[in-house]
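Beneath this line is the structure, given in structure tokens, with notes to follow.
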There are 4 protein chains.
Amino acid sequence: MYNHNPVFIPGPTNMPEALRRAVDMPTMDHRSAAFADILHPALDGVKKVLKTTAAEVFLFPSTGSGGWETALSNTLSKGDRVLAARNGMFSQKWIDMCERHGLDVTVVEVEWGGGIPADRFEEILTADKGHEIKAVLATHNETATGVVSDIAAVRGAMDAANHPALLFVDGVSSIGSMDFRMDEWAVDVAVTGSQKGFMLPAGLAIVGFSPKAMAALESATLPRWYFDVRDMKSNYAINGFPYTPPVGMINGVKIASEMLISEGLDNVFARHARIAEGVRKAIAAWNMDLCAISPELYSNSVSAIVTPEGFDANTIVSHASEKYGVAFGAGLGAVAGKVYRIGHLGSLSDVLALTGIATAEMCMVDLGLDIALGSGVAAAQEHYRTTA
Amino acid sequence: MYNHNPVFIPGPTNMPEALRRAVDMPTMDHRSAAFADILHPALDGVKKVLKTTAAEVFLFPSTGSGGWETALSNTLSKGDRVLAARNGMFSQKWIDMCERHGLDVTVVEVEWGGGIPADRFEEILTADKGHEIKAVLATHNETATGVVSDIAAVRGAMDAANHPALLFVDGVSSIGSMDFRMDEWAVDVAVTGSQKGFMLPAGLAIVGFSPKAMAALESATLPRWYFDVRDMKSNYAINGFPYTPPVGMINGVKIASEMLISEGLDNVFARHARIAEGVRKAIAAWNMDLCAISPELYSNSVSAIVTPEGFDANTIVSHASEKYGVAFGAGLGAVAGKVYRIGHLGSLSDVLALTGIATAEMCMVDLGLDIALGSGVAAAQEHYRTTA
Amino acid sequence: MYNHNPVFIPGPTNMPEALRRAVDMPTMDHRSAAFADILHPALDGVKKVLKTTAAEVFLFPSTGSGGWETALSNTLSKGDRVLAARNGMFSQKWIDMCERHGLDVTVVEVEWGGGIPADRFEEILTADKGHEIKAVLATHNETATGVVSDIAAVRGAMDAANHPALLFVDGVSSIGSMDFRMDEWAVDVAVTGSQKGFMLPAGLAIVGFSPKAMAALESATLPRWYFDVRDMKSNYAINGFPYTPPVGMINGVKIASEMLISEGLDNVFARHARIAEGVRKAIAAWNMDLCAISPELYSNSVSAIVTPEGFDANTIVSHASEKYGVAFGAGLGAVAGKVYRIGHLGSLSDVLALTGIATAEMCMVDLGLDIALGSGVAAAQEHYRTTA
Amino acid sequence: MYNHNPVFIPGPTNMPEALRRAVDMPTMDHRSAAFADILHPALDGVKKVLKTTAAEVFLFPSTGSGGWETALSNTLSKGDRVLAARNGMFSQKWIDMCERHGLDVTVVEVEWGGGIPADRFEEILTADKGHEIKAVLATHNETATGVVSDIAAVRGAMDAANHPALLFVDGVSSIGSMDFRMDEWAVDVAVTGSQKGFMLPAGLAIVGFSPKAMAALESATLPRWYFDVRDMKSNYAINGFPYTPPVGMINGVKIASEMLISEGLDNVFARHARIAEGVRKAIAAWNMDLCAISPELYSNSVSAIVTPEGFDANTIVSHASEKYGVAFGAGLGAVAGKVYRIGHLGSLSDVLALTGIATAEMCMVDLGLDIALGSGVAAAQEHYRTTA
């Protein structure tokens with residue numbers, strides 16, 4: 001009841017009050033002209049956040065997973081071959097979605113903690129002389145392991161192989177928190193959700209379609225209606241929506257985009273990097289390791305911390321919740337029980353990050369790990385105070 | 001800026017303050033035990049509103065249209081035959097969805113303003129000796145025409161034909177406003193959305209699956225992942241969700257259900273009937289007709305009013321918006337320009353209904369229709385004051 | 001629970017959502033620089049609403065009554081003579097306050113429904129050759145009777161008598177709704193509250209002090225601390241407050257002023273006049289009289305309606321509340337039971353005014369008055385539709 | 001814009017969301033029966049928080065300072081003698097108020113950091129054979145110095161002297177956070193405000209009057225109207241208010257009382273003591289001193305920390321605000337520049353207290369004080385984790 005504690009889950013994030021208010025709108029007539037003044041600025045704002053001028057943006061009432069399905073069902077047909085790496089829970093789920101849609105997935109298995117192997121992709125794509133692979137799927141930031149992959153390198157692999165496949169990127173936990181360059185990387189479908197970098201409640205899939213992806217709409221034969229980009233496009237053109245739009249959420253995207261752009265995207269990314277680095281300094285002070293196996297893979301939106309062998313990392317999460325009223329993220333899938341996660345994306349300050357670090361320390365000491373109270377906090381404090 | 005005027009669109013409805021607050025929650029950890037205390041009461045509340053004990057309820061982050069797709073893709077396979085009547089824009093859209101999913105739709109054309117012809121359904125079902133028809137689709141309340149169809153009669157037709165097809169009912173603009181009896185009518189999939197009888201923002205599809213519908217999950221081969229009921233079911237069992245749940249919206253369903261049940265469903269329906277009847281008294285006083293062609297078809301959630309030949313009904317809607325800041329519903333599809341609609345579902349009082357009636361009168365007089373100012377209001381006043 | 005009905009009491013008014021949000025601020029440090037960015041724009045905004053450049057404005061956490069006490073205790077001393085007219089409940093209360101502070105009040109009794117008799121004031125002031133009268137009190141808008149008095153005429157009387165007394169004006173239910181010209185009328189202390197023309201919750205007295213009133217601060221010997229203008233002034237100069245400021249309410253004044261000024265004060269007054277005139281057209285259609293005895297006294301913020309002899313006007317108020325969930329104002333003091341009041345100030349639209357009129361009609365018919373349903377509504381509709 | 005940081009000023013406190021919502025009410029008719037359902041539970045709740053059954057409670061739209069004036073003006077007359085200790089800024093202000101009201105104040109000067117000297121009070125009261133002293137003023141918690149005085153001892157001194165003076169206690173920053181026993185301590189007027197232990201915005205003075213204080217109402221001749229307890233009492237008896245009540249704020253008192261009582265007052269006090277002790281452990285780890293000169297004087301609502309000679313404590317406050325967006329309290333009056341204050345009252349958790357401690361550490365290190373980062377945090381962590 002009294003709990004003001006911020007959450008340290010890797011999304012949904014802590015929400016700025018301005019965005020809660022943007023979403024919490026009184027009912028308006030979504031068929032009126034006023035809707036256009038919400039919808040189009042929201043779409044334009046997303047384009048800026050995606051760093052695209054070429055793509056078209058669509059907002060589907062759903063979660064980021066609905067964005068994945070939008071990517072697949074609007075561009076592919078049953079039996080189409082796609083290429084993907086499996087390096088965490090969320091890439092795994094997208095692969096599962098492909099399979100349930102009758103796609104033929106070439107899966108590159110990667111150690112959880114590793115990134116997308118661009119070189120291996122290049123080999124496979126080069127070998128695909130017949131261009132049977134219609135799409136490459138890339139999870140920009142694996143939320144389960146705190147690993148950010150190099151999308152420019154994936155694009156480089158595709159170009160090196162001179163391969164015409166579409167490039168689909170899951171940027172759910174990266175877009176708005178870490179640099180994302182849709183046009184420069186020639187991403188064909190970019191997918192995110194409202195509840196991460198946009199700092200809103202869950203409930204909207206935000207997708208960008210490149211002209212090349214748009215060109216695939218008519219040839220794709222996977223059945224679709226709810227997620228059909230064609231209906232979105234034709235309705236937007238008349239300031240409409242193919243069904244009842246969640247106006248408040250769309251207004252949230254509009255205002256969130258304004259906030260991000262007003263702060264400056266590079267400043268936003270630098271802020272996330274700085275807060276994340278403080279968390280990593282704390283982890284180093286604890287003599288613990290990240291799940292991400294090398295520094296260039298470290299995510300600025302979430303850190304997955306490996307606990308000692310024989311220790312159940314999940315107990316930290318439940319202990320923090322029960323004793324301190326603080327939410328961390330549990331390990332998922334292959335790393336369940338082996339890592340716990342501190343989310344540091346969205347709306348968070350350096351001093352509130354210290355709350356999370358201090359709470360993690362107390363939990364680890366409470367549960368018998370050999371950690372000095374204050375050690376991680378001091379390391380993060382030194383980072384924050386010298387970089388503020 | 002100063003506008004407190006209620007909306008008179010047929011959904012989203014005016015929202016009670018308690019529900020806006022229920023939705024506008026601070027971020028919580030959706031993987032914590034606290035989520036269970038929101039999810040399960042919401043599901044149980046919906047069951048009560050659907051008048052079902054046998055069905056399982058699922059909440060998808062989407063609109064009611066996503067509920068339609070949930071019904072189809074979880075129970076049917078490409079090429080399956082379905083039976084539906086086309087008597088308005090929303091039945092038309094559902095038919096279109098079927099066709100885009102490769103279903104074979106037997107469409108019964110009905111005058112817009114008419115209801116589902118149960119007798120014609122019985123003939124077709126009786127003729128379908130091979131039971132090729134796998135599902136019957138019924139739009140309980142055609143929002144476009146203000147027509148409520150007799151679902152018990154549709155069920156009766158199916159029983160009379162001794163036909164095993166599934167019965168899918170679109171109750172988007174009826175459930176929570178007018179009587180709906182999922183178990184008694186043996187409805188197999190019931191679909192609604194958050195923004196009508198539940199008085200919430202758009203953003204959730206609310207669906208009920210009968211045991212018979214659940215039994216069809218494994219045999220259905222339409223591709224699905226986002227709307228896969230199996231993942232919802234298995235996640236609910238562990239207090240989870242297959243992707244990030246919109247917790248505030250689910251909390252809204254919980255609280256809205258409590259409000260409806262606390263008032264008493266029959267009282268809720270009587271309240272809607274009383275307010276609707278006042279609107280109809282006004283329409284009669286204006287010597288105008290409803291689009292619905294006979295009284296048993298009159299909807300208690302929306303009234304579609306036929307304007308004189310040669311008059312563009314849409315001008316009433318735009319005029320009301322521009323001059324008075326009041327939102328009515330325009331005619332859609334086949335009745336575009338021929339009707340305008342007064343929505344009277346969700347959170348509305350008798351005295352606020354008079355605002356809508358009075359505004360409609362002013363608009364019609366402004367636009368040259370032969371209406372006496374105050375005439376409809378007086379008829380509605382007499383109804384309201386004698387029935388309060 | 002479902003009640004969205006607007007209130008028709010003469011304040012507090014219906015609040016625009018933007019102002020509820022302005023008031024509902026998270027806690028901030030009121031000793032920080034950020035407070036200055038709220039306080040000073042609020043003070044400047046009030047000056048514009050008061051149409052003054054000469055006066056200083058002060059905001060006291062209290063109600064408008066605290067503003068009355070601020071006027072008296074900061075400028076007067078025990079035994080000082082003041083002149084006031086008693087023409088309603090609120091002028092009566094202010095006179096009572098004077099008496100409890102040991103002031104010597106010369107009361108001019110006026111029929112309730114009459115305005116301040118400027119000619120009688122001139123006689124008394126002219127007769128006061130020794131200038132014993134230190135202050136003239138004037139209630140601009142008598143909320144109890146719906147009477148607006150002519151403050152320019154009061155000033156004219158003082159000038160004609162060449163009398164140096166201070167002029168204190170209670171503008172609680174006029175300022176922000178009807179024209180008020182502090183400088184032009186040479187008002188020395190203007191008093192209002194947050195809950196009327198500023199459309200905020202109750203809780204702030206808003207006062208303006210002319211240079212002449214400021215000059216009286218040091219000579220006044222009535223004891224004061226909480227309402228001491230000197231402490232307010234000295235604290236404002238350092239962006240402070242003499243005690244903990246209600247920051248949200250002050251922010252509300254800032255934003256409300258912006259809204260009023262953005263709309264244009266003359267447009268705001270015209271809007272109130274137009275809505276009020278519609279209510280008066282309805283009253284005329286009912287063949288009923290206003291308590292205000294002549295048209296130039298008609299208030300644009302509240303109408304007090306005289307009910308027939310032998311009829312208890314209070315029953316309309318209780319009946320409206322119980323049966324229809326609508327709040328009207330009861331008669332107070334000398335006109336209790338003889339009038340009921342429809343407030344039409346603050347945030348209200350023409351179409352919502354019709355709700356009030358229609359509800360009043362139903363109540364009067366329910367209670368046996370000889371009124372035709374729809375008659376008042378039709379008269380108001382005609383006014384609204386032809387003047388929108 | 002993104003700032004979610006809690007405040008560490010000694011009031012207004014961080015507000016629970018439930019209380020912000022309690023205050024942010026739509027407009028209701030304050031003359032309706034519904035107001036009684038807010039007012040009386042609020043008054044009853046306050047009685048429980050004050051631990052009184054004998055006293056009457058009144059809520060004035062004002063700040064706590066208005067409560068001081070209510071105490072004085074309702075019970076005393078010009079020239080009456082009162083006894084008070086001056087040990088901080090707030091006792092100083094109350095003394096100033098007495099003097100401006102023409103009271104004859106016997107001031108006992110006390111080192112800032114000291115408590116009320118009950119023994120000295122006993123001497124003075126014993127010497128006052130003629131019982132000229134009409135009231136003893138006691139500041140329970142000096143917010144400026146973080147000193148809690150022993151009110152039971154003050155009462156003991158009065159009883160030992162067999163003195164009939166009234167006992168007025170300023171409990172603004174103690175009531176609701178630390179134990180307060182109005183009846184047991186025979187307090188005659190207890191004063192608090194809405195923005196401290198009640199966790200609401202500023203804007204309400206909350207006062208309790210003992211039967212003995214009530215008996216003084218008629219004999220007191222200080223002029224009063226706004227703060228006249230008699231009008232409050234007579235209006236409460238008819239579910240009214242002497243002027244427009246701030247209904248939302250009163251509703252806030254109702255709900256805040258429910259929250260405090262539901263948690264259990266002793267649990268609330270223990271929570272504050274525990275959080276405060278963590279802050280004190282940190283201060284000790286920094287080798288710094290509290291302004292309060294001995295442990296029994298340590299306040300559980302605010303800690304004033306003495307900075308080294310030659311260091312301007314105010315720089316910590318401004319630095320924290322500018323660099324980290326965190327609000328601490330500056331030193332006031334005689335201790336300005338010598339102390340800074342960490343408020344830990346109202347709605348705060350142990351883990352958020354760590355944010356304040358960690359921020360203070362960074363500021364002190366930034367500004368050149370010899371503090372080890374993490375040292376205070378570690379001491380507080382150890383306290384919190386072993387006492388949770």
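Convention: chains lettered A, B, ... in structure tokens order; per-chain residue numbering from 1; ligands numbered from 1 as shown.
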* Select residues of chain A: the criterion is any atom within 12 Å of an atom of chain C, counting only C-alpha atoms; output as a PyMOL selection string. => chain A and resi 4+16-18+20-22+24-26
Selection to disk with N, CA and C atoms, as an mmCIF file, in the first residue's frame:
data_model
loop_
_atom_site.group_PDB
_atom_site.id
_atom_site.type_symbol
_atom_site.label_atom_id
_atom_site.label_comp_id
_atom_site.auth_asym_id
_atom_site.auth_seq_id
_atom_site.Cartn_x
_atom_site.Cartn_y
_atom_site.Cartn_z
ATOM 1 N N HIS A 4 6.374 2.560 -2.811
ATOM 2 C CA HIS A 4 6.775 3.385 -3.943
ATOM 3 C C HIS A 4 7.994 2.795 -4.623
ATOM 4 N N PRO A 16 6.991 7.231 -16.341
ATOM 5 C CA PRO A 16 6.904 8.638 -15.949
ATOM 6 C C PRO A 16 5.437 9.027 -15.760
ATOM 7 N N GLU A 17 5.216 9.872 -14.796
ATOM 8 C CA GLU A 17 3.836 10.306 -14.544
ATOM 9 C C GLU A 17 3.197 10.910 -15.799
ATOM 10 N N ALA A 18 3.994 11.640 -16.565
ATOM 11 C CA ALA A 18 3.447 12.264 -17.783
ATOM 12 C C ALA A 18 2.894 11.216 -18.742
ATOM 13 N N ARG A 20 1.772 8.097 -17.803
ATOM 14 C CA ARG A 20 0.544 7.511 -17.254
ATOM 15 C C ARG A 20 -0.640 8.407 -17.589
ATOM 16 N N ARG A 21 -0.425 9.708 -17.502
ATOM 17 C CA ARG A 21 -1.519 10.640 -17.791
ATOM 18 C C ARG A 21 -1.841 10.674 -19.285
ATOM 19 N N ALA A 22 -0.821 10.508 -20.098
ATOM 20 C CA ALA A 22 -1.074 10.509 -21.543
ATOM 21 C C ALA A 22 -1.974 9.336 -21.916
ATOM 22 N N ASP A 24 -4.043 7.665 -19.796
ATOM 23 C CA ASP A 24 -5.322 7.687 -19.056
ATOM 24 C C ASP A 24 -6.224 8.804 -19.569
ATOM 25 N N MET A 25 -6.682 8.658 -20.794
ATOM 26 C CA MET A 25 -7.520 9.687 -21.419
ATOM 27 C C MET A 25 -9.000 9.412 -21.194
ATOM 28 N N PRO A 26 -9.792 10.464 -21.103
ATOM 29 C CA PRO A 26 -11.244 10.240 -21.172
ATOM 30 C C PRO A 26 -11.613 9.733 -22.569
#
* Asked: If you count only C-alpha atoms, which residues fall within 7 Å of Val107 (chain B), apart from same-chain ones fewer than 3 positions away, as a PyMOL selection string?
  -> chain B and resi 83-86
Put those residues in a file: N, CA and C atoms, as a short mmCIF file (atom, residue, chain, number, x, y, z; two decimals), in the first residue's frame.
data_model
loop_
_atom_site.label_atom_id
_atom_site.label_comp_id
_atom_site.auth_asym_id
_atom_site.auth_seq_id
_atom_site.Cartn_x
_atom_site.Cartn_y
_atom_site.Cartn_z
N LEU B 83 -21.11 -20.93 -41.50
CA LEU B 83 -22.38 -20.30 -41.87
C LEU B 83 -22.52 -18.97 -41.15
N ALA B 84 -22.88 -17.94 -41.88
CA ALA B 84 -23.04 -16.62 -41.25
C ALA B 84 -24.07 -15.81 -42.00
N ALA B 85 -24.70 -14.89 -41.27
CA ALA B 85 -25.62 -13.93 -41.90
C ALA B 85 -24.89 -12.59 -42.03
N ARG B 86 -25.16 -11.91 -43.13
CA ARG B 86 -24.58 -10.57 -43.31
C ARG B 86 -25.70 -9.55 -43.17
#
* **All residues 7 Å or closer to region 174-186 of chain C, only C-alpha atoms, same chain fewer than 6 positions away omitted, as a ChimeraX atom specification** => /C:49-52,54,140-141,151-152,155,192,197-198,268-269,272,300-301,345-346
* Excluding Asp228 (chain A) and any residue of its chain fewer than 6 positions from it, enumerate the residues within 9 Å of it, using only C-alpha atoms, and give them as a ChimeraX atom specification. => /A:70,73-74,217
* To do: Among the residues of region 9-39 of chain B, find those DSSP assigns to helix (DSSP H, G or I) from the backbone and print them as a count of residues only.
  => 14
* Do you know which residues are at most 12 Å from Thr143 (chain B) counting only C-alpha atoms, after dropping those on the same chain fewer than 2 positions away, and could you put them as a PyMOL selection string? -> chain B and resi 9-12+87-92+112-113+115+139-141+145-149+170-174+196+291-292+297-304+329-333+335+340-345
Give me a file of those residues, with C-alpha atoms, as an mmCIF file, in the first residue's frame.
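Heads up, here's the output in part-v3.cif:
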data_model
loop_
_atom_site.group_PDB
_atom_site.id
_atom_site.type_symbol
_atom_site.label_atom_id
_atom_site.label_comp_id
_atom_site.auth_asym_id
_atom_site.auth_seq_id
_atom_site.Cartn_x
_atom_site.Cartn_y
_atom_site.Cartn_z
ATOM 1 C CA ILE B 9 -20.870 6.734 -29.771
ATOM 2 C CA PRO B 10 -21.705 3.053 -29.475
ATOM 3 C CA GLY B 11 -18.411 2.340 -27.739
ATOM 4 C CA PRO B 12 -15.930 3.034 -26.377
ATOM 5 C CA ASN B 87 -26.842 -7.915 -41.788
ATOM 6 C CA GLY B 88 -24.437 -5.112 -41.005
ATOM 7 C CA MET B 89 -20.892 -3.889 -41.031
ATOM 8 C CA PHE B 90 -19.599 -6.035 -38.211
ATOM 9 C CA SER B 91 -21.011 -9.318 -39.441
ATOM 10 C CA GLN B 92 -19.536 -8.329 -42.801
ATOM 11 C CA TRP B 112 -29.473 -4.206 -43.001
ATOM 12 C CA GLY B 113 -31.862 -3.592 -40.161
ATOM 13 C CA GLY B 115 -31.776 -9.854 -37.592
ATOM 14 C CA THR B 139 -23.466 -11.277 -34.380
ATOM 15 C CA HIS B 140 -25.576 -10.791 -31.293
ATOM 16 C CA ASN B 141 -25.833 -7.037 -31.595
ATOM 17 C CA THR B 145 -27.711 -1.006 -37.391
ATOM 18 C CA GLY B 146 -28.762 -1.213 -33.755
ATOM 19 C CA VAL B 147 -30.156 -4.693 -34.206
ATOM 20 C CA VAL B 148 -30.080 -7.374 -31.570
ATOM 21 C CA SER B 149 -30.580 -10.906 -32.865
ATOM 22 C CA ASP B 170 -19.943 -11.844 -31.392
ATOM 23 C CA GLY B 171 -21.258 -10.184 -28.265
ATOM 24 C CA VAL B 172 -18.964 -7.186 -28.480
ATOM 25 C CA SER B 173 -21.711 -4.607 -28.134
ATOM 26 C CA SER B 174 -24.171 -6.724 -26.169
ATOM 27 C CA LYS B 196 -18.345 -1.648 -24.402
ATOM 28 C CA CYS B 291 -32.992 1.210 -38.764
ATOM 29 C CA ALA B 292 -34.035 -1.926 -36.918
ATOM 30 C CA LEU B 297 -34.780 -6.257 -32.871
ATOM 31 C CA TYR B 298 -34.280 -2.948 -31.050
ATOM 32 C CA SER B 299 -30.916 -2.820 -29.410
ATOM 33 C CA ASN B 300 -30.530 -1.453 -25.914
ATOM 34 C CA SER B 301 -26.957 -0.413 -26.536
ATOM 35 C CA VAL B 302 -27.294 1.650 -29.694
ATOM 36 C CA SER B 303 -30.078 3.211 -31.740
ATOM 37 C CA ALA B 304 -29.581 3.818 -35.448
ATOM 38 C CA GLY B 329 -22.027 7.538 -34.448
ATOM 39 C CA ALA B 330 -22.142 7.788 -38.225
ATOM 40 C CA GLY B 331 -23.773 5.217 -40.433
ATOM 41 C CA LEU B 332 -21.403 2.580 -41.730
ATOM 42 C CA GLY B 333 -21.288 0.566 -44.932
ATOM 43 C CA VAL B 335 -26.355 2.520 -44.325
ATOM 44 C CA TYR B 340 -26.928 8.241 -37.539
ATOM 45 C CA ARG B 341 -26.461 6.455 -34.279
ATOM 46 C CA ILE B 342 -26.912 7.335 -30.626
ATOM 47 C CA GLY B 343 -24.925 5.013 -28.417
ATOM 48 C CA HIS B 344 -26.447 4.480 -24.994
ATOM 49 C CA LEU B 345 -24.431 1.637 -23.577
#
* Find the distance between CA of Cys363 (chain D) and CA of Pro308 (chain D) and write it in Å to one decimal. =>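 CA of Pro308 (chain D) lies at a distance of 14.3 Å from CA of Cys363 (chain D).
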